[in-house]
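Below is one structure, written out as structure tokens; comments come after it.
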Amino acid sequence: MRRQFTYPAVVERDQSGRFLVTFPDLPGAATDGKSIEEALIEAADCLEEAIANLIALEEEIPKPSRAKRGQHLIATPAKMAAKAALYLAIQEAGISKSELARRIGCDVREVRRLLDPLHASKVDRIEQALAAVGQCLAVEMRAIP
């Protein structure tokens, strides 16, 4: 499985002059800012919360669509992207949290914490868990638009 967690966002100016940001792939995920710069910073936080909510509710995380002309690409913050990758890898492997715990030699509570969006998991432990289901985490660096 190859997955990235960078989503296109639509930025529109509202009647009050604020910049509204929405995500076509994530209905209900929206934020705004006084300036376009502020709105885009808020967009990353909004995206993180939207992904965290999907994990917490054990719902599907939609694949990002291709950005259309005029849309901005917003990257999910790294730790949340790692947790989302693990969440998807477990689903794809068709295993339970208990089975993953057995594979990495830990208690199921640790696996729950690895998936918990609010828990400050260590990325190296998430990488270990991903390896246990035949996946790895790749990091990309790019300039901020």
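Chain identifiers are assigned as A, B, and so on, following the order in which chains appear in the structure tokens; residues are numbered from 1 within each chain, and ligands are numbered from 1 in order of appearance.
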Secondary structure check, strand (DSSP E) residues of chain A, as a PyMOL selection string: chain A and resi 6-13+19-22+30-33+72-75
Residues of region 42-113 of chain A that approach region 26-34 of chain A to 12 Å or less, counting only C-alpha atoms: could you list each one with the shortest pair of atoms and its distance in Å to one decimal, rows by chain and increasing residue number, as JSON lines?
{"residue": "A:Glu42", "atom": "CA", "partner": "A:Thr31", "partner_atom": "CA", "distance": 6.5}
{"residue": "A:Ala43", "atom": "CA", "partner": "A:Thr31", "partner_atom": "CA", "distance": 6.2}
{"residue": "A:Ala44", "atom": "CA", "partner": "A:Thr31", "partner_atom": "CA", "distance": 9.6}
{"residue": "A:Asp45", "atom": "CA", "partner": "A:Thr31", "partner_atom": "CA", "distance": 8.9}
{"residue": "A:Cys46", "atom": "CA", "partner": "A:Thr31", "partner_atom": "CA", "distance": 6.5}
{"residue": "A:Leu47", "atom": "CA", "partner": "A:Ala29", "partner_atom": "CA", "distance": 7.0}
{"residue": "A:Glu48", "atom": "CA", "partner": "A:Ala29", "partner_atom": "CA", "distance": 9.8}
{"residue": "A:Glu49", "atom": "CA", "partner": "A:Ala29", "partner_atom": "CA", "distance": 8.4}
{"residue": "A:Ala50", "atom": "CA", "partner": "A:Ala29", "partner_atom": "CA", "distance": 6.1}
{"residue": "A:Ile51", "atom": "CA", "partner": "A:Leu26", "partner_atom": "CA", "distance": 8.8}
{"residue": "A:Ala52", "atom": "CA", "partner": "A:Ala29", "partner_atom": "CA", "distance": 11.6}
{"residue": "A:Asn53", "atom": "CA", "partner": "A:Ala29", "partner_atom": "CA", "distance": 10.4}
{"residue": "A:Leu54", "atom": "CA", "partner": "A:Leu26", "partner_atom": "CA", "distance": 9.8}
{"residue": "A:Glu59", "atom": "CA", "partner": "A:Leu26", "partner_atom": "CA", "distance": 11.9}
{"residue": "A:Glu60", "atom": "CA", "partner": "A:Leu26", "partner_atom": "CA", "distance": 10.7}
{"residue": "A:Ile61", "atom": "CA", "partner": "A:Leu26", "partner_atom": "CA", "distance": 8.7}
{"residue": "A:Pro62", "atom": "CA", "partner": "A:Leu26", "partner_atom": "CA", "distance": 7.4}
{"residue": "A:Lys63", "atom": "CA", "partner": "A:Leu26", "partner_atom": "CA", "distance": 9.6}
{"residue": "A:Pro64", "atom": "CA", "partner": "A:Leu26", "partner_atom": "CA", "distance": 8.9}
{"residue": "A:Ser65", "atom": "CA", "partner": "A:Leu26", "partner_atom": "CA", "distance": 10.4}
Of the candidates A:Ala131, A:Asp14, A:Val139, A:Leu86, which shows the shortest atom-to-atom distance to Leu114 (chain A), using only C-alpha atoms?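 Of A:Ala131, A:Asp14, A:Val139, A:Leu86, the one nearest Leu114 (chain A) is A:Leu86, counting only C-alpha atoms.
Taking only C-alpha atoms, the non-local environment of Glu12 (chain A) within 12 Å (same-chain residues fewer than 2 positions away omitted) comprises Ala9, Val10, Asp14, Gln15, Ser16, Gly17, Arg18, Phe19, Leu20, Val21, Thr22, Phe23, Ala30, Thr31, Asp32, Gly33, Lys34, Ser35, Ile36, Ala39, Leu40, Gly70, Gln71 and His72 of chain A.
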Based on the backbone DSSP call, show me all residues of region 14-114 of chain A assigned helix (DSSP H, G or I), as an mmCIF file with C-alpha atoms, in the first residue's frame.
data_model
loop_
_atom_site.group_PDB
_atom_site.id
_atom_site.type_symbol
_atom_site.label_atom_id
_atom_site.label_comp_id
_atom_site.auth_asym_id
_atom_site.auth_seq_id
_atom_site.Cartn_x
_atom_site.Cartn_y
_atom_site.Cartn_z
ATOM 1 C CA ILE A 36 -4.654 33.578 3.486
ATOM 2 C CA GLU A 37 -1.419 32.774 5.338
ATOM 3 C CA GLU A 38 -3.259 32.392 8.649
ATOM 4 C CA ALA A 39 -5.987 30.316 6.990
ATOM 5 C CA LEU A 40 -3.423 27.901 5.527
ATOM 6 C CA ILE A 41 -1.720 27.489 8.907
ATOM 7 C CA GLU A 42 -5.110 26.780 10.476
ATOM 8 C CA ALA A 43 -5.831 24.339 7.632
ATOM 9 C CA ALA A 44 -3.033 21.999 8.753
ATOM 10 C CA ASP A 45 -4.502 21.917 12.265
ATOM 11 C CA CYS A 46 -7.994 21.343 10.853
ATOM 12 C CA LEU A 47 -6.723 18.494 8.689
ATOM 13 C CA GLU A 48 -4.988 16.898 11.669
ATOM 14 C CA GLU A 49 -8.212 17.058 13.692
ATOM 15 C CA ALA A 50 -10.267 15.619 10.830
ATOM 16 C CA ILE A 51 -7.916 12.628 10.429
ATOM 17 C CA ALA A 52 -7.777 12.141 14.215
ATOM 18 C CA ASN A 53 -11.566 12.092 14.367
ATOM 19 C CA LEU A 54 -11.811 9.476 11.619
ATOM 20 C CA ILE A 55 -9.341 7.245 13.482
ATOM 21 C CA ALA A 56 -11.123 7.746 16.815
ATOM 22 C CA ALA A 78 3.947 14.051 10.500
ATOM 23 C CA LYS A 79 2.955 12.255 13.695
ATOM 24 C CA MET A 80 -0.721 12.152 12.730
ATOM 25 C CA ALA A 81 0.203 10.930 9.242
ATOM 26 C CA ALA A 82 2.235 8.124 10.853
ATOM 27 C CA LYS A 83 -0.712 7.139 13.074
ATOM 28 C CA ALA A 84 -3.057 7.244 10.079
ATOM 29 C CA ALA A 85 -0.650 5.046 8.106
ATOM 30 C CA LEU A 86 -0.617 2.492 10.933
ATOM 31 C CA TYR A 87 -4.404 2.622 11.219
ATOM 32 C CA LEU A 88 -4.761 1.907 7.489
ATOM 33 C CA ALA A 89 -2.055 -0.777 7.495
ATOM 34 C CA ILE A 90 -3.832 -2.690 10.263
ATOM 35 C CA GLN A 91 -7.088 -2.502 8.310
ATOM 36 C CA GLU A 92 -5.426 -3.608 5.092
ATOM 37 C CA ALA A 93 -3.684 -6.516 6.828
ATOM 38 C CA LYS A 97 -5.071 -4.739 17.586
ATOM 39 C CA SER A 98 -4.429 -7.830 19.716
ATOM 40 C CA GLU A 99 -2.723 -9.575 16.812
ATOM 41 C CA LEU A 100 -0.532 -6.543 16.150
ATOM 42 C CA ALA A 101 0.381 -6.443 19.844
ATOM 43 C CA ARG A 102 1.409 -10.110 19.650
ATOM 44 C CA ARG A 103 3.532 -9.431 16.560
ATOM 45 C CA ILE A 104 5.455 -6.572 18.157
ATOM 46 C CA VAL A 108 -2.778 -4.388 23.344
ATOM 47 C CA ARG A 109 -2.994 -1.155 25.370
ATOM 48 C CA GLU A 110 0.234 0.004 23.741
ATOM 49 C CA VAL A 111 -1.241 -0.603 20.279
ATOM 50 C CA ARG A 112 -4.295 1.407 21.287
ATOM 51 C CA ARG A 113 -1.992 4.236 22.362
ATOM 52 C CA LEU A 114 -0.111 4.063 19.057
#
Would you list the contacts of Cys136 (chain A) as a list in words, taking every protein, DNA or RNA residue within 12 Å and counting only C-alpha atoms, but skipping same-chain residues closer than 6 positions in sequence?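 Close residues of Cys136 (chain A): Met1, Arg2, Arg3, Ala82, Ala85, Leu86, Ala89, Val123, Asp124, Arg125, Ile126, Glu127, Gln128, Ala129 and Leu130 of chain A.
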Please report the interatomic distance between CA of Pro8 (chain A) and CA of Ile74 (chain A) in Å with one decimal. 6.2 Å
Which value, in Å to one decimal, gives the distance between CA of Thr76 (chain A) and CA of Tyr7 (chain A)?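 Between these atoms lies a distance of 7.8 Å.
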Could you tell me how far CA of Ala143 (chain A) lies from CA of Ser121 (chain A), in Å and to one decimal?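 Separation of CA of Ala143 (chain A) and CA of Ser121 (chain A): 26.1 Å.
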